[in-house]
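Student: Structure: data_15.tsv, TSV, C-alpha atoms and all ligand atoms.
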chain	number	residue	atom	x	y	z
A	1006	MET	CA	0.00	0.00	0.00
A	1007	SER	CA	1.39	3.40	-0.89
A	1008	VAL	CA	1.93	5.82	1.98
A	1009	PRO	CA	-0.10	9.05	1.70
A	1010	ALA	CA	1.63	12.41	2.19
A	1011	ALA	CA	1.81	12.92	5.93
A	1012	SER	CA	-0.84	15.29	7.21
A	1013	ILE	CA	1.43	15.78	10.22
A	1014	PRO	CA	4.95	15.79	8.77
A	1015	LEU	CA	8.11	15.06	10.76
A	1016	VAL	CA	9.23	18.65	10.07
A	1017	ASP	CA	6.98	21.33	8.59
A	1018	LEU	CA	9.03	23.89	6.67
A	1019	LYS	CA	5.91	25.16	4.90
A	1020	ALA	CA	4.41	26.19	8.24
A	1021	GLN	CA	7.66	27.99	9.06
A	1022	PHE	CA	7.61	29.80	5.72
A	1023	ALA	CA	3.99	30.82	6.30
A	1024	SER	CA	5.06	32.58	9.49
A	1025	ILE	CA	8.17	34.42	8.23
A	1026	GLY	CA	7.87	34.29	4.43
A	1027	ASN	CA	7.64	38.05	3.99
A	1028	GLU	CA	10.83	38.66	5.98
A	1029	LEU	CA	12.63	35.99	3.97
A	1030	LYS	CA	11.46	37.41	0.65
A	1031	GLU	CA	12.64	40.89	1.57
A	1032	ALA	CA	16.06	39.71	2.80
A	1033	THR	CA	16.74	37.41	-0.15
A	1034	VAL	CA	15.62	39.89	-2.79
A	1035	LYS	CA	17.95	42.50	-1.25
A	1036	ALA	CA	20.83	40.01	-1.38
A	1037	LEU	CA	20.03	39.11	-4.99
A	1038	GLU	CA	19.93	42.77	-5.95
A	1039	ARG	CA	23.27	43.48	-4.27
A	1040	GLY	CA	24.93	40.61	-6.12
A	1041	ASP	CA	27.62	39.93	-3.48
A	1042	TYR	CA	26.89	36.23	-3.68
A	1043	ILE	CA	30.14	34.81	-2.28
A	1044	LEU	CA	31.36	35.90	1.17
A	1045	GLY	CA	29.20	39.01	0.96
A	1046	GLY	CA	28.62	41.35	3.88
A	1047	GLU	CA	25.71	39.30	5.23
A	1048	VAL	CA	28.04	36.34	5.86
A	1049	ALA	CA	30.23	38.40	8.20
A	1050	GLU	CA	27.12	39.86	9.85
A	1051	PHE	CA	25.66	36.41	10.37
A	1052	GLU	CA	28.97	35.16	11.80
A	1053	LYS	CA	28.98	38.00	14.34
A	1054	GLU	CA	25.37	37.38	15.32
A	1055	PHE	CA	25.74	33.59	15.57
A	1056	ALA	CA	28.91	33.89	17.68
A	1057	ALA	CA	27.08	36.22	20.06
A	1058	TRP	CA	24.03	33.94	20.16
A	1059	SER	CA	26.12	30.85	20.90
A	1060	GLY	CA	28.29	32.58	23.52
A	1061	THR	CA	31.52	32.15	21.57
A	1062	LYS	CA	34.22	34.52	20.38
A	1063	HIS	CA	34.28	33.50	16.72
A	1064	CYS	CA	31.97	31.99	14.15
A	1065	VAL	CA	33.28	30.94	10.74
A	1066	ALA	CA	30.55	29.95	8.30
A	1067	CYS	CA	31.00	27.20	5.71
A	1068	ALA	CA	29.06	25.09	3.23
A	1069	SER	CA	27.65	22.30	5.44
A	1070	GLY	CA	27.87	20.59	8.81
A	1071	THR	CA	29.91	17.79	7.25
A	1072	ASP	CA	32.43	20.32	5.97
A	1073	ALA	CA	32.41	22.04	9.37
A	1074	LEU	CA	33.58	18.79	11.00
A	1075	MET	CA	36.21	18.21	8.31
A	1076	LEU	CA	37.46	21.81	8.67
A	1077	ALA	CA	37.55	21.51	12.47
A	1078	PHE	CA	39.90	18.52	12.26
A	1079	ARG	CA	42.06	20.17	9.64
A	1080	ALA	CA	42.30	23.39	11.67
A	1081	LEU	CA	43.42	21.37	14.68
A	1082	GLY	CA	46.11	19.71	12.58
A	1083	ILE	CA	44.41	16.31	12.87
A	1084	GLY	CA	44.80	14.07	9.82
A	1085	ALA	CA	46.54	10.96	8.50
A	1086	GLY	CA	47.51	8.50	11.25
A	1087	ASP	CA	45.32	10.22	13.86
A	1088	GLU	CA	42.16	8.95	15.51
A	1089	VAL	CA	39.14	10.82	16.82
A	1090	VAL	CA	36.59	9.24	19.18
A	1091	MET	CA	32.83	9.60	18.76
A	1092	GLN	CA	29.67	7.68	19.62
A	1093	ALA	CA	28.41	4.93	17.32
A	1094	ASN	CA	24.81	6.18	17.43
A	1095	THR	CA	25.25	9.32	15.39
A	1096	PHE	CA	24.55	10.40	11.81
A	1097	ILE	CA	27.14	9.17	9.31
A	1098	ALA	CA	28.40	12.75	8.80
A	1099	THR	CA	30.23	12.67	12.16
A	1100	PRO	CA	32.64	9.90	11.08
A	1101	LEU	CA	32.57	11.21	7.51
A	1102	GLY	CA	33.90	14.59	8.68
A	1103	ALA	CA	36.86	12.76	10.25
A	1104	VAL	CA	37.46	10.65	7.13
A	1105	LEU	CA	37.33	13.75	4.89
A	1106	GLY	CA	39.88	15.37	7.19
A	1107	GLY	CA	42.13	12.33	6.73
A	1108	ALA	CA	41.66	10.93	10.26
A	1109	ARG	CA	40.28	7.61	11.46
A	1110	PRO	CA	36.93	7.63	13.25
A	1111	ALA	CA	36.97	5.44	16.36
A	1112	PHE	CA	33.69	4.62	18.06
A	1113	ALA	CA	32.37	4.51	21.59
A	1114	ASP	CA	29.05	3.05	22.72
A	1115	ALA	CA	25.97	5.03	23.64
A	1116	ASP	CA	24.40	4.71	27.07
A	1117	ALA	CA	20.84	3.39	26.66
A	1118	ALA	CA	19.75	5.37	29.73
A	1119	THR	CA	20.71	8.78	28.28
A	1120	MET	CA	20.88	7.84	24.57
A	1121	GLN	CA	24.07	9.93	24.56
A	1122	VAL	CA	27.70	8.85	24.41
A	1123	ASP	CA	28.81	6.56	27.23
A	1124	LEU	CA	31.82	8.43	28.57
A	1125	ALA	CA	33.42	5.32	30.09
A	1126	SER	CA	33.28	3.72	26.64
A	1127	MET	CA	34.69	6.92	25.14
A	1128	GLU	CA	37.67	6.76	27.49
A	1129	LYS	CA	38.21	3.07	26.63
A	1130	ALA	CA	38.42	3.96	22.92
A	1131	ILE	CA	41.36	6.34	23.49
A	1132	THR	CA	44.67	5.04	22.08
A	1133	PRO	CA	48.10	6.68	21.67
A	1134	LYS	CA	46.88	7.80	18.22
A	1135	THR	CA	43.81	9.62	19.55
A	1136	LYS	CA	43.86	13.38	19.00
A	1137	ALA	CA	40.30	14.50	19.71
A	1138	LEU	CA	37.02	13.64	21.41
A	1139	VAL	CA	33.86	14.36	19.44
A	1140	PRO	CA	30.78	14.57	21.66
A	1141	VAL	CA	27.59	14.70	19.56
A	1142	HIS	CA	24.70	16.55	21.18
A	1143	LEU	CA	22.37	14.03	19.61
A	1144	TYR	CA	18.69	14.90	19.12
A	1145	GLY	CA	19.38	18.29	20.73
A	1146	GLN	CA	20.38	17.00	24.15
A	1147	ALA	CA	23.66	18.24	25.58
A	1148	VAL	CA	26.39	15.74	26.42
A	1149	ASP	CA	27.89	16.24	29.91
A	1150	MET	CA	30.53	18.75	28.82
A	1151	ASP	CA	32.15	18.96	32.26
A	1152	ARG	CA	33.06	15.29	32.00
A	1153	VAL	CA	34.05	15.45	28.31
A	1154	ASN	CA	36.36	18.39	28.91
A	1155	ALA	CA	37.85	16.68	31.97
A	1156	LEU	CA	38.50	13.59	29.85
A	1157	GLY	CA	40.09	15.72	27.13
A	1158	LYS	CA	42.32	17.41	29.69
A	1159	LYS	CA	43.32	14.14	31.35
A	1160	HIS	CA	44.46	12.65	28.03
A	1161	GLY	CA	45.68	15.86	26.36
A	1162	LEU	CA	43.02	15.73	23.62
A	1163	ALA	CA	41.16	18.41	21.69
A	1164	VAL	CA	37.38	18.53	22.01
A	1165	VAL	CA	35.28	19.01	18.85
A	1166	GLU	CA	31.57	19.38	19.61
A	1167	ASP	CA	29.18	18.12	16.95
A	1168	ALA	CA	26.37	20.62	17.52
A	1169	ALA	CA	24.62	19.91	14.20
A	1170	GLN	CA	21.39	18.95	15.97
A	1171	ALA	CA	21.71	21.24	18.93
A	1172	HIS	CA	20.85	24.88	18.16
A	1173	GLY	CA	19.46	26.07	21.49
A	1174	ALA	CA	20.67	23.17	23.64
A	1175	LYS	CA	22.37	24.09	26.89
A	1176	TRP	CA	24.67	22.45	29.40
A	1177	LYS	CA	24.18	23.93	32.88
A	1178	GLY	CA	22.64	27.05	31.35
A	1179	LYS	CA	25.39	27.69	28.78
A	1180	PRO	CA	24.87	27.09	25.05
A	1181	VAL	CA	26.47	23.98	23.58
A	1182	GLY	CA	29.10	24.80	21.00
A	1183	SER	CA	30.87	27.01	23.54
A	1184	PHE	CA	32.61	24.27	25.55
A	1185	GLY	CA	35.15	22.56	23.29
A	1186	ASP	CA	38.10	23.82	21.25
A	1187	VAL	CA	35.72	24.13	18.34
A	1188	ALA	CA	32.13	23.18	17.46
A	1189	ALA	CA	30.56	22.18	14.16
A	1190	TRP	CA	27.03	23.30	13.24
A	1191	SER	CA	24.74	22.33	10.36
A	1192	PHE	CA	22.11	24.57	8.81
A	1193	TYR	CA	20.47	21.78	6.79
A	1194	PRO	CA	16.90	23.05	6.23
A	1195	GLY	CA	15.25	20.77	8.80
A	1196	LYS	CA	17.58	21.79	11.65
A	1197	ASN	CA	16.33	24.04	14.46
A	1198	LEU	CA	18.12	26.82	12.56
A	1199	GLY	CA	18.03	25.82	8.91
A	1200	ALA	CA	18.99	27.56	5.67
A	1201	ALA	CA	17.11	27.32	2.36
A	1202	GLY	CA	19.66	24.74	1.23
A	1203	ASP	CA	22.92	23.48	2.70
A	1204	GLY	CA	25.01	25.51	5.13
A	1205	GLY	CA	27.23	25.10	8.15
A	1206	ALA	CA	29.45	26.94	10.62
A	1207	LEU	CA	32.09	26.54	13.29
A	1208	THR	CA	32.28	28.35	16.59
A	1209	THR	CA	35.37	28.67	18.76
A	1210	HIS	CA	36.92	30.76	21.49
A	1211	ARG	CA	40.37	30.22	19.98
A	1212	ASP	CA	41.81	32.98	17.77
A	1213	ASP	CA	44.31	30.57	16.15
A	1214	ILE	CA	41.58	28.11	15.13
A	1215	ALA	CA	39.32	30.86	13.78
A	1216	ALA	CA	42.17	32.26	11.66
A	1217	LYS	CA	42.95	28.80	10.24
A	1218	LEU	CA	39.30	28.12	9.48
A	1219	LYS	CA	39.01	31.37	7.51
A	1220	LEU	CA	41.92	30.24	5.35
A	1221	LEU	CA	40.80	26.64	5.01
A	1222	ARG	CA	37.25	27.39	3.87
A	1223	ASN	CA	38.42	29.69	1.07
A	1224	TYR	CA	41.21	27.93	-0.91
A	1225	GLY	CA	43.75	28.65	1.84
A	1226	SER	CA	43.36	32.38	1.26
A	1227	VAL	CA	42.15	35.50	3.02
A	1228	VAL	CA	43.84	37.87	0.58
A	1229	LYS	CA	42.61	37.21	-2.96
A	1230	TYR	CA	45.02	35.09	-5.04
A	1231	VAL	CA	47.49	34.71	-2.15
A	1232	HIS	CA	47.59	31.11	-0.89
A	1233	ASP	CA	49.69	30.08	2.08
A	1234	SER	CA	48.26	26.56	2.18
A	1235	PHE	CA	45.71	24.41	0.39
A	1236	GLY	CA	42.28	24.83	1.83
A	1237	THR	CA	39.07	23.94	0.11
A	1238	ASN	CA	36.02	25.70	-1.29
A	1239	SER	CA	33.48	25.59	1.54
A	1240	ARG	CA	31.71	28.89	1.99
A	1241	LEU	CA	28.24	29.79	3.18
A	1242	ASP	CA	26.39	31.51	0.31
A	1243	THR	CA	25.47	35.13	1.01
A	1244	LEU	CA	21.87	34.22	0.15
A	1245	GLN	CA	21.89	31.53	2.84
A	1246	ALA	CA	23.41	33.98	5.32
A	1247	ALA	CA	20.53	36.37	4.55
A	1248	VAL	CA	18.02	33.60	5.26
A	1249	LEU	CA	19.82	32.54	8.44
A	1250	ARG	CA	19.97	36.11	9.78
A	1251	VAL	CA	16.18	36.36	9.50
A	1252	LYS	CA	15.66	32.96	11.14
A	1253	LEU	CA	18.19	33.58	13.94
A	1254	ARG	CA	15.94	36.40	15.14
A	1255	HIS	CA	13.17	33.83	15.70
A	1256	LEU	CA	15.28	30.95	16.99
A	1257	ASP	CA	14.86	31.42	20.75
A	1258	LYS	CA	11.09	31.63	20.36
A	1259	TRP	CA	11.12	28.49	18.17
A	1260	VAL	CA	13.22	26.55	20.67
A	1261	ALA	CA	10.80	27.59	23.43
A	1262	ALA	CA	7.92	26.28	21.28
A	1263	ARG	CA	9.74	22.96	20.80
A	1264	ARG	CA	10.19	22.71	24.57
A	1265	ALA	CA	6.48	23.31	25.07
A	1266	ALA	CA	5.76	20.60	22.47
A	1267	ALA	CA	8.11	18.17	24.26
A	1268	ARG	CA	6.32	18.83	27.56
A	1269	ARG	CA	2.99	18.20	25.84
A	1270	TYR	CA	4.25	14.91	24.39
A	1271	ARG	CA	5.38	13.82	27.85
A	1272	GLU	CA	1.82	14.36	29.12
A	1273	LEU	CA	0.14	12.76	26.11
A	1274	LEU	CA	2.43	9.75	25.80
A	1275	GLY	CA	3.33	9.18	29.46
A	1276	GLY	CA	0.49	6.74	30.05
A	1277	ILE	CA	0.90	4.66	26.90
A	1278	LYS	CA	2.22	1.19	27.70
A	1279	GLY	CA	4.95	0.12	25.33
A	1280	VAL	CA	6.29	3.61	24.59
A	1281	VAL	CA	9.60	4.53	26.22
A	1282	LEU	CA	9.88	8.31	26.40
A	1283	PRO	CA	13.11	10.24	25.75
A	1284	PRO	CA	15.38	10.26	28.82
A	1285	GLU	CA	14.50	12.69	31.57
A	1286	CYS	CA	16.82	15.66	31.44
A	1287	PRO	CA	16.12	19.28	32.36
A	1288	VAL	CA	13.59	20.10	29.64
A	1289	GLU	CA	14.92	23.65	29.37
A	1290	GLU	CA	18.39	22.39	28.40
A	1291	HIS	CA	17.19	20.14	25.57
A	1292	CYS	CA	16.39	21.93	22.30
A	1293	TRP	CA	14.27	19.03	21.01
A	1294	HIS	CA	15.55	18.88	17.46
A	1295	LEU	CA	14.16	15.35	17.46
A	1296	TYR	CA	11.65	13.69	19.78
A	1297	VAL	CA	12.78	10.07	19.86
A	1298	VAL	CA	10.75	7.40	21.65
A	1299	ARG	CA	11.48	3.67	21.76
A	1300	VAL	CA	8.93	1.00	20.84
A	1301	GLU	CA	8.90	-2.74	20.11
A	1302	GLU	CA	8.14	-3.79	16.51
A	1303	ARG	CA	9.25	-0.34	15.42
A	1304	ASP	CA	9.03	-0.95	11.66
A	1305	ARG	CA	5.40	-2.09	11.88
A	1306	VAL	CA	4.53	0.83	14.19
A	1307	LEU	CA	6.26	3.28	11.85
A	1308	LYS	CA	4.38	1.94	8.83
A	1309	GLN	CA	1.08	2.17	10.66
A	1310	LEU	CA	1.79	5.76	11.70
A	1311	GLN	CA	2.76	6.72	8.17
A	1312	GLU	CA	-0.41	5.16	6.79
A	1313	ALA	CA	-2.38	7.22	9.29
A	1314	GLY	CA	-0.70	10.41	8.02
A	1315	VAL	CA	1.85	10.78	10.81
A	1316	GLY	CA	5.29	11.51	9.38
A	1317	ALA	CA	7.41	9.60	11.89
A	1318	GLY	CA	11.05	8.71	11.13
A	1319	ILE	CA	14.12	6.83	12.37
A	1320	HIS	CA	17.33	8.40	13.67
A	1321	TYR	CA	19.17	6.14	12.95
A	1322	PRO	CA	18.38	2.60	11.85
A	1323	ILE	CA	22.02	1.36	11.68
A	1324	PRO	CA	24.75	2.40	14.13
A	1325	CYS	CA	27.73	3.93	12.31
A	1326	HIS	CA	30.19	1.11	13.08
A	1327	LEU	CA	27.92	-1.36	11.23
A	1328	GLN	CA	27.48	0.76	8.09
A	1329	GLY	CA	28.92	-0.67	4.88
A	1330	ALA	CA	31.05	2.46	4.50
A	1331	MET	CA	32.92	1.45	7.67
A	1332	ARG	CA	33.71	-2.12	6.58
A	1333	GLU	CA	37.46	-1.59	6.26
A	1334	TYR	CA	37.68	-0.29	9.85
A	1335	GLY	CA	37.21	-3.74	11.38
A	1336	TYR	CA	34.20	-3.20	13.63
A	1337	ARG	CA	31.77	-6.05	14.24
A	1338	LYS	CA	28.27	-6.68	15.48
A	1339	GLY	CA	28.38	-6.79	19.27
A	1340	ASP	CA	31.09	-4.13	19.61
A	1341	PHE	CA	28.67	-1.50	20.96
A	1342	PRO	CA	25.76	-3.34	22.57
A	1343	ASP	CA	23.68	-0.36	23.75
A	1344	SER	CA	23.83	1.40	20.37
A	1345	GLU	CA	22.92	-1.85	18.64
A	1346	ALA	CA	20.12	-2.71	21.07
A	1347	MET	CA	18.51	0.73	20.74
A	1348	ALA	CA	18.62	1.04	16.95
A	1349	PRO	CA	15.69	-1.30	16.10
A	1350	ASN	CA	13.39	0.51	18.58
A	1351	LEU	CA	14.07	4.18	17.75
A	1352	LEU	CA	11.11	6.17	16.47
A	1353	SER	CA	11.15	9.94	15.90
A	1354	LEU	CA	7.80	11.70	16.25
A	1355	PRO	CA	6.89	14.96	14.49
A	1356	ILE	CA	8.24	18.00	16.30
A	1357	TYR	CA	8.63	21.59	15.11
A	1358	ALA	CA	7.90	25.04	16.49
A	1359	GLU	CA	4.52	25.30	14.76
A	1360	ILE	CA	3.12	21.90	15.76
A	1361	THR	CA	-0.27	22.29	17.43
A	1362	GLY	CA	-1.69	20.56	20.48
A	1363	GLU	CA	-4.32	18.98	18.20
A	1364	GLN	CA	-1.65	17.55	15.92
A	1365	GLN	CA	0.25	16.14	18.88
A	1366	LYS	CA	-2.95	14.61	20.24
A	1367	LYS	CA	-3.49	12.87	16.91
A	1368	VAL	CA	0.12	11.59	16.94
A	1369	ALA	CA	-0.41	10.23	20.47
A	1370	GLU	CA	-3.72	8.56	19.52
A	1371	GLU	CA	-2.24	6.90	16.43
A	1372	LEU	CA	0.84	5.79	18.37
A	1373	ALA	CA	-1.33	4.31	21.14
A	1374	LYS	CA	-3.29	2.36	18.50
A	1375	ALA	CA	-0.15	1.18	16.73
A	1376	VAL	CA	1.67	-0.12	19.81
A	1377	LYS	CA	-1.42	-2.02	21.01
A	1378	LYS	CA	-1.44	-4.44	18.03
A	1401	LIG	C1	24.92	14.83	14.14
A	1401	LIG	C2	25.17	15.41	12.78
A	1401	LIG	N1	26.44	15.75	12.44
A	1401	LIG	C3	26.72	16.29	11.24
A	1401	LIG	C4	25.73	16.53	10.31
A	1401	LIG	C5	26.10	17.05	8.97
A	1401	LIG	O1	25.49	18.22	8.59
A	1401	LIG	P1	25.18	18.56	7.05
A	1401	LIG	O2	24.00	17.75	6.65
A	1401	LIG	O3	24.91	20.02	7.07
A	1401	LIG	O4	26.40	18.22	6.27
A	1401	LIG	C6	24.41	16.24	10.63
A	1401	LIG	C7	23.35	16.54	9.65
A	1401	LIG	O5	22.35	16.03	9.47
A	1401	LIG	C8	24.11	15.65	11.89
A	1401	LIG	O6	22.87	15.31	12.23
Can you dump the structure from the file as structure tokens?
Ligand SMILES: Cc1ncc(COP(=O)(O)O)c(C=O)c1O
Tutor:
Amino acid sequence: MSVPAASIPLVDLKAQFASIGNELKEATVKALERGDYILGGEVAEFEKEFAAWSGTKHCVACASGTDALMLAFRALGIGAGDEVVMQANTFIATPLGAVLGGARPAFADADAATMQVDLASMEKAITPKTKALVPVHLYGQAVDMDRVNALGKKHGLAVVEDAAQAHGAKWKGKPVGSFGDVAAWSFYPGKNLGAAGDGGALTTHRDDIAAKLKLLRNYGSVVKYVHDSFGTNSRLDTLQAAVLRVKLRHLDKWVAARRAAARRYRELLGGIKGVVLPPECPVEEHCWHLYVVRVEERDRVLKQLQEAGVGAGIHYPIPCHLQGAMREYGYRKGDFPDSEAMAPNLLSLPIYAEITGEQQKKVAEELAKAVKK
């Protein structure tokens, strides 16, 4: 049976456009008229605003979150022969960023209780070749950055935060992306802060890293046609910066709306037998990029939800160490039991700033029906 278009999508970018479309049209038309399409003034403005918003000294924008990770490793001088440690239950872009930077991704398990990286497993994965720890603030929930930074200090390792899913997440009241040596952000359209296409950025307190990133993202050059090193071409389009500047003005309000939606889900879903809710953490610190529950017979439940018009999803069905792309790295089934045990049960429910109580009620009703059978 074909699946109808979801009446309650996983992410609703049309609803977002309906609320801020006029601002976006004005900003993008202005940028088009100016014609400063590459590294135009709006990119620098956005970088200033995003650094201030994320409580960091510098922001350097680039073409995607994947590139941001790759650039972070390159700026730290991490490459061939080096290893970087990350959790197995992340999106493939986290290890891909390391591979593109020339380094070897090494995995740690997740902790089924928090769904975040298990820091004991992270420490076990450290070898003499390890150069950095890569905590991923998965789903929008902050990793314990006190413990990650302590681990980095103990072993003399850099800390690269993967904040691609975490615009608005906080650790003890401070924005994520402001704890490590450098943080990588994605502005993929469905993110809490999303462009109208691909985009990414890095934030850092370190002047040396920011200066290297500016070179690396633009052919190794800050002065036109003068190249001290080989960088790459990874810039945020001026048009995307114009879009992001408009959306950044709304971001805090949108994150607050996601928190309200997460609270509502907790009430609506709390009593449903067979649905494991996301781990308890201070709701105000989570930015609820994804609302991930755990259910038995997930694939059947997902299909039933989709047939009922609920655009649920899976983040992610296969842990990174078991992906075909990783075959030459020698990992095997059983290496990371919690990540592997969670994967078949993960189910992401629709969440976005504009979701209504009625929509969430319908999601809860359909989920209750689906888990009963
Ligand atoms: C955890 C994580 N890291 C990195 C990325 C890569 O970002 P992008 O899609 O902008 O390359 C993503 C994007 O989906 C992500 O979820």
Student: Rounded to one decimal, what separation in Å do you get between atom CA of Cys1292 of chain A and atom CA of Pro1322 of chain A?
Tutor: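 Atom CA of Pro1322 of chain A lies 22.1 Å from atom CA of Cys1292 of chain A.
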Student: List the neighbours of segment 1143-1157 of chain A out to 10 Å using only C-alpha atoms; skip same-chain residues closer than 3 positions along the sequence, and give me the result as number ranges by chain.
Tutor: A: 1092, 1094-1096, 1119-1125, 1127-1128, 1136-1140, 1160-1164, 1166-1177, 1180-1186, 1196-1197, 1283-1284, 1286-1288, 1290-1297, 1320, 1353
Student: Using C-alpha atoms, can you write the selected residues to a file as an mmCIF file, keeping the file's coordinate frame?
Tutor:
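part24.cif, freshly written:
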data_model
loop_
_atom_site.group_PDB
_atom_site.id
_atom_site.type_symbol
_atom_site.label_atom_id
_atom_site.label_comp_id
_atom_site.auth_asym_id
_atom_site.auth_seq_id
_atom_site.Cartn_x
_atom_site.Cartn_y
_atom_site.Cartn_z
ATOM 1 C CA GLN A 1092 29.670 7.680 19.620
ATOM 2 C CA ASN A 1094 24.810 6.180 17.430
ATOM 3 C CA THR A 1095 25.250 9.320 15.390
ATOM 4 C CA PHE A 1096 24.550 10.400 11.810
ATOM 5 C CA THR A 1119 20.710 8.780 28.280
ATOM 6 C CA MET A 1120 20.880 7.840 24.570
ATOM 7 C CA GLN A 1121 24.070 9.930 24.560
ATOM 8 C CA VAL A 1122 27.700 8.850 24.410
ATOM 9 C CA ASP A 1123 28.810 6.560 27.230
ATOM 10 C CA LEU A 1124 31.820 8.430 28.570
ATOM 11 C CA ALA A 1125 33.420 5.320 30.090
ATOM 12 C CA MET A 1127 34.690 6.920 25.140
ATOM 13 C CA GLU A 1128 37.670 6.760 27.490
ATOM 14 C CA LYS A 1136 43.860 13.380 19.000
ATOM 15 C CA ALA A 1137 40.300 14.500 19.710
ATOM 16 C CA LEU A 1138 37.020 13.640 21.410
ATOM 17 C CA VAL A 1139 33.860 14.360 19.440
ATOM 18 C CA PRO A 1140 30.780 14.570 21.660
ATOM 19 C CA HIS A 1160 44.460 12.650 28.030
ATOM 20 C CA GLY A 1161 45.680 15.860 26.360
ATOM 21 C CA LEU A 1162 43.020 15.730 23.620
ATOM 22 C CA ALA A 1163 41.160 18.410 21.690
ATOM 23 C CA VAL A 1164 37.380 18.530 22.010
ATOM 24 C CA GLU A 1166 31.570 19.380 19.610
ATOM 25 C CA ASP A 1167 29.180 18.120 16.950
ATOM 26 C CA ALA A 1168 26.370 20.620 17.520
ATOM 27 C CA ALA A 1169 24.620 19.910 14.200
ATOM 28 C CA GLN A 1170 21.390 18.950 15.970
ATOM 29 C CA ALA A 1171 21.710 21.240 18.930
ATOM 30 C CA HIS A 1172 20.850 24.880 18.160
ATOM 31 C CA GLY A 1173 19.460 26.070 21.490
ATOM 32 C CA ALA A 1174 20.670 23.170 23.640
ATOM 33 C CA LYS A 1175 22.370 24.090 26.890
ATOM 34 C CA TRP A 1176 24.670 22.450 29.400
ATOM 35 C CA LYS A 1177 24.180 23.930 32.880
ATOM 36 C CA PRO A 1180 24.870 27.090 25.050
ATOM 37 C CA VAL A 1181 26.470 23.980 23.580
ATOM 38 C CA GLY A 1182 29.100 24.800 21.000
ATOM 39 C CA SER A 1183 30.870 27.010 23.540
ATOM 40 C CA PHE A 1184 32.610 24.270 25.550
ATOM 41 C CA GLY A 1185 35.150 22.560 23.290
ATOM 42 C CA ASP A 1186 38.100 23.820 21.250
ATOM 43 C CA LYS A 1196 17.580 21.790 11.650
ATOM 44 C CA ASN A 1197 16.330 24.040 14.460
ATOM 45 C CA PRO A 1283 13.110 10.240 25.750
ATOM 46 C CA PRO A 1284 15.380 10.260 28.820
ATOM 47 C CA CYS A 1286 16.820 15.660 31.440
ATOM 48 C CA PRO A 1287 16.120 19.280 32.360
ATOM 49 C CA VAL A 1288 13.590 20.100 29.640
ATOM 50 C CA GLU A 1290 18.390 22.390 28.400
ATOM 51 C CA HIS A 1291 17.190 20.140 25.570
ATOM 52 C CA CYS A 1292 16.390 21.930 22.300
ATOM 53 C CA TRP A 1293 14.270 19.030 21.010
ATOM 54 C CA HIS A 1294 15.550 18.880 17.460
ATOM 55 C CA LEU A 1295 14.160 15.350 17.460
ATOM 56 C CA TYR A 1296 11.650 13.690 19.780
ATOM 57 C CA VAL A 1297 12.780 10.070 19.860
ATOM 58 C CA HIS A 1320 17.330 8.400 13.670
ATOM 59 C CA SER A 1353 11.150 9.940 15.900
#
Student: Give me, as a list in words, all polymer residues having an atom no more than 8 Å from segment 1056-1066 of chain A, counting only C-alpha atoms and skipping those fewer than 6 positions away in the same chain.
Tutor: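 These residues fall inside the cut-off: Val1048, Lys1179, Pro1180, Val1181, Gly1182, Ser1183, Gly1204, Gly1205, Ala1206, Leu1207, Thr1208, Thr1209, His1210, Arg1211, Asp1212, Ala1215, Leu1218, Lys1219, Arg1240 and Leu1241 of chain A.
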Student: Leaving out Pro1014 of chain A and any residue of its chain fewer than 6 positions from it, which residues lie within 7 Å of it when counting all atoms listed in the file, given as a PDB file with C-alpha atoms, in the coordinates of the input?
Tutor:
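Final output, saved to out_1.pdb:
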ATOM      1  CA  VAL A1315       1.850  10.780  10.810  1.00  0.00           C
ATOM      2  CA  GLY A1316       5.290  11.510   9.380  1.00  0.00           C
ATOM      3  CA  PRO A1355       6.890  14.960  14.490  1.00  0.00           C
TER       4      PRO A1355
END
Student: Any idea what's packed within 12 Å of Arg1254 of chain A, counting all atoms listed in the file, ignoring anything in its chain fewer than 2 positions away? Could you give it as a VMD selection string?
Tutor: chain A and resid 1025 1028 to 1029 1051 1054 to 1055 1058 1198 1247 to 1252 1256 to 1260
Student: Write to file, as a PDB file, in the frame of the given file, the residues of the selection just made, with C-alpha atoms.
Tutor:
ATOM      1  CA  ILE A1025       8.170  34.420   8.230  1.00  0.00           C
ATOM      2  CA  GLU A1028      10.830  38.660   5.980  1.00  0.00           C
ATOM      3  CA  LEU A1029      12.630  35.990   3.970  1.00  0.00           C
ATOM      4  CA  PHE A1051      25.660  36.410  10.370  1.00  0.00           C
ATOM      5  CA  GLU A1054      25.370  37.380  15.320  1.00  0.00           C
ATOM      6  CA  PHE A1055      25.740  33.590  15.570  1.00  0.00           C
ATOM      7  CA  TRP A1058      24.030  33.940  20.160  1.00  0.00           C
ATOM      8  CA  LEU A1198      18.120  26.820  12.560  1.00  0.00           C
ATOM      9  CA  ALA A1247      20.530  36.370   4.550  1.00  0.00           C
ATOM     10  CA  VAL A1248      18.020  33.600   5.260  1.00  0.00           C
ATOM     11  CA  LEU A1249      19.820  32.540   8.440  1.00  0.00           C
ATOM     12  CA  ARG A1250      19.970  36.110   9.780  1.00  0.00           C
ATOM     13  CA  VAL A1251      16.180  36.360   9.500  1.00  0.00           C
ATOM     14  CA  LYS A1252      15.660  32.960  11.140  1.00  0.00           C
ATOM     15  CA  LEU A1256      15.280  30.950  16.990  1.00  0.00           C
ATOM     16  CA  ASP A1257      14.860  31.420  20.750  1.00  0.00           C
ATOM     17  CA  LYS A1258      11.090  31.630  20.360  1.00  0.00           C
ATOM     18  CA  TRP A1259      11.120  28.490  18.170  1.00  0.00           C
ATOM     19  CA  VAL A1260      13.220  26.550  20.670  1.00  0.00           C
TER      20      VAL A1260
END
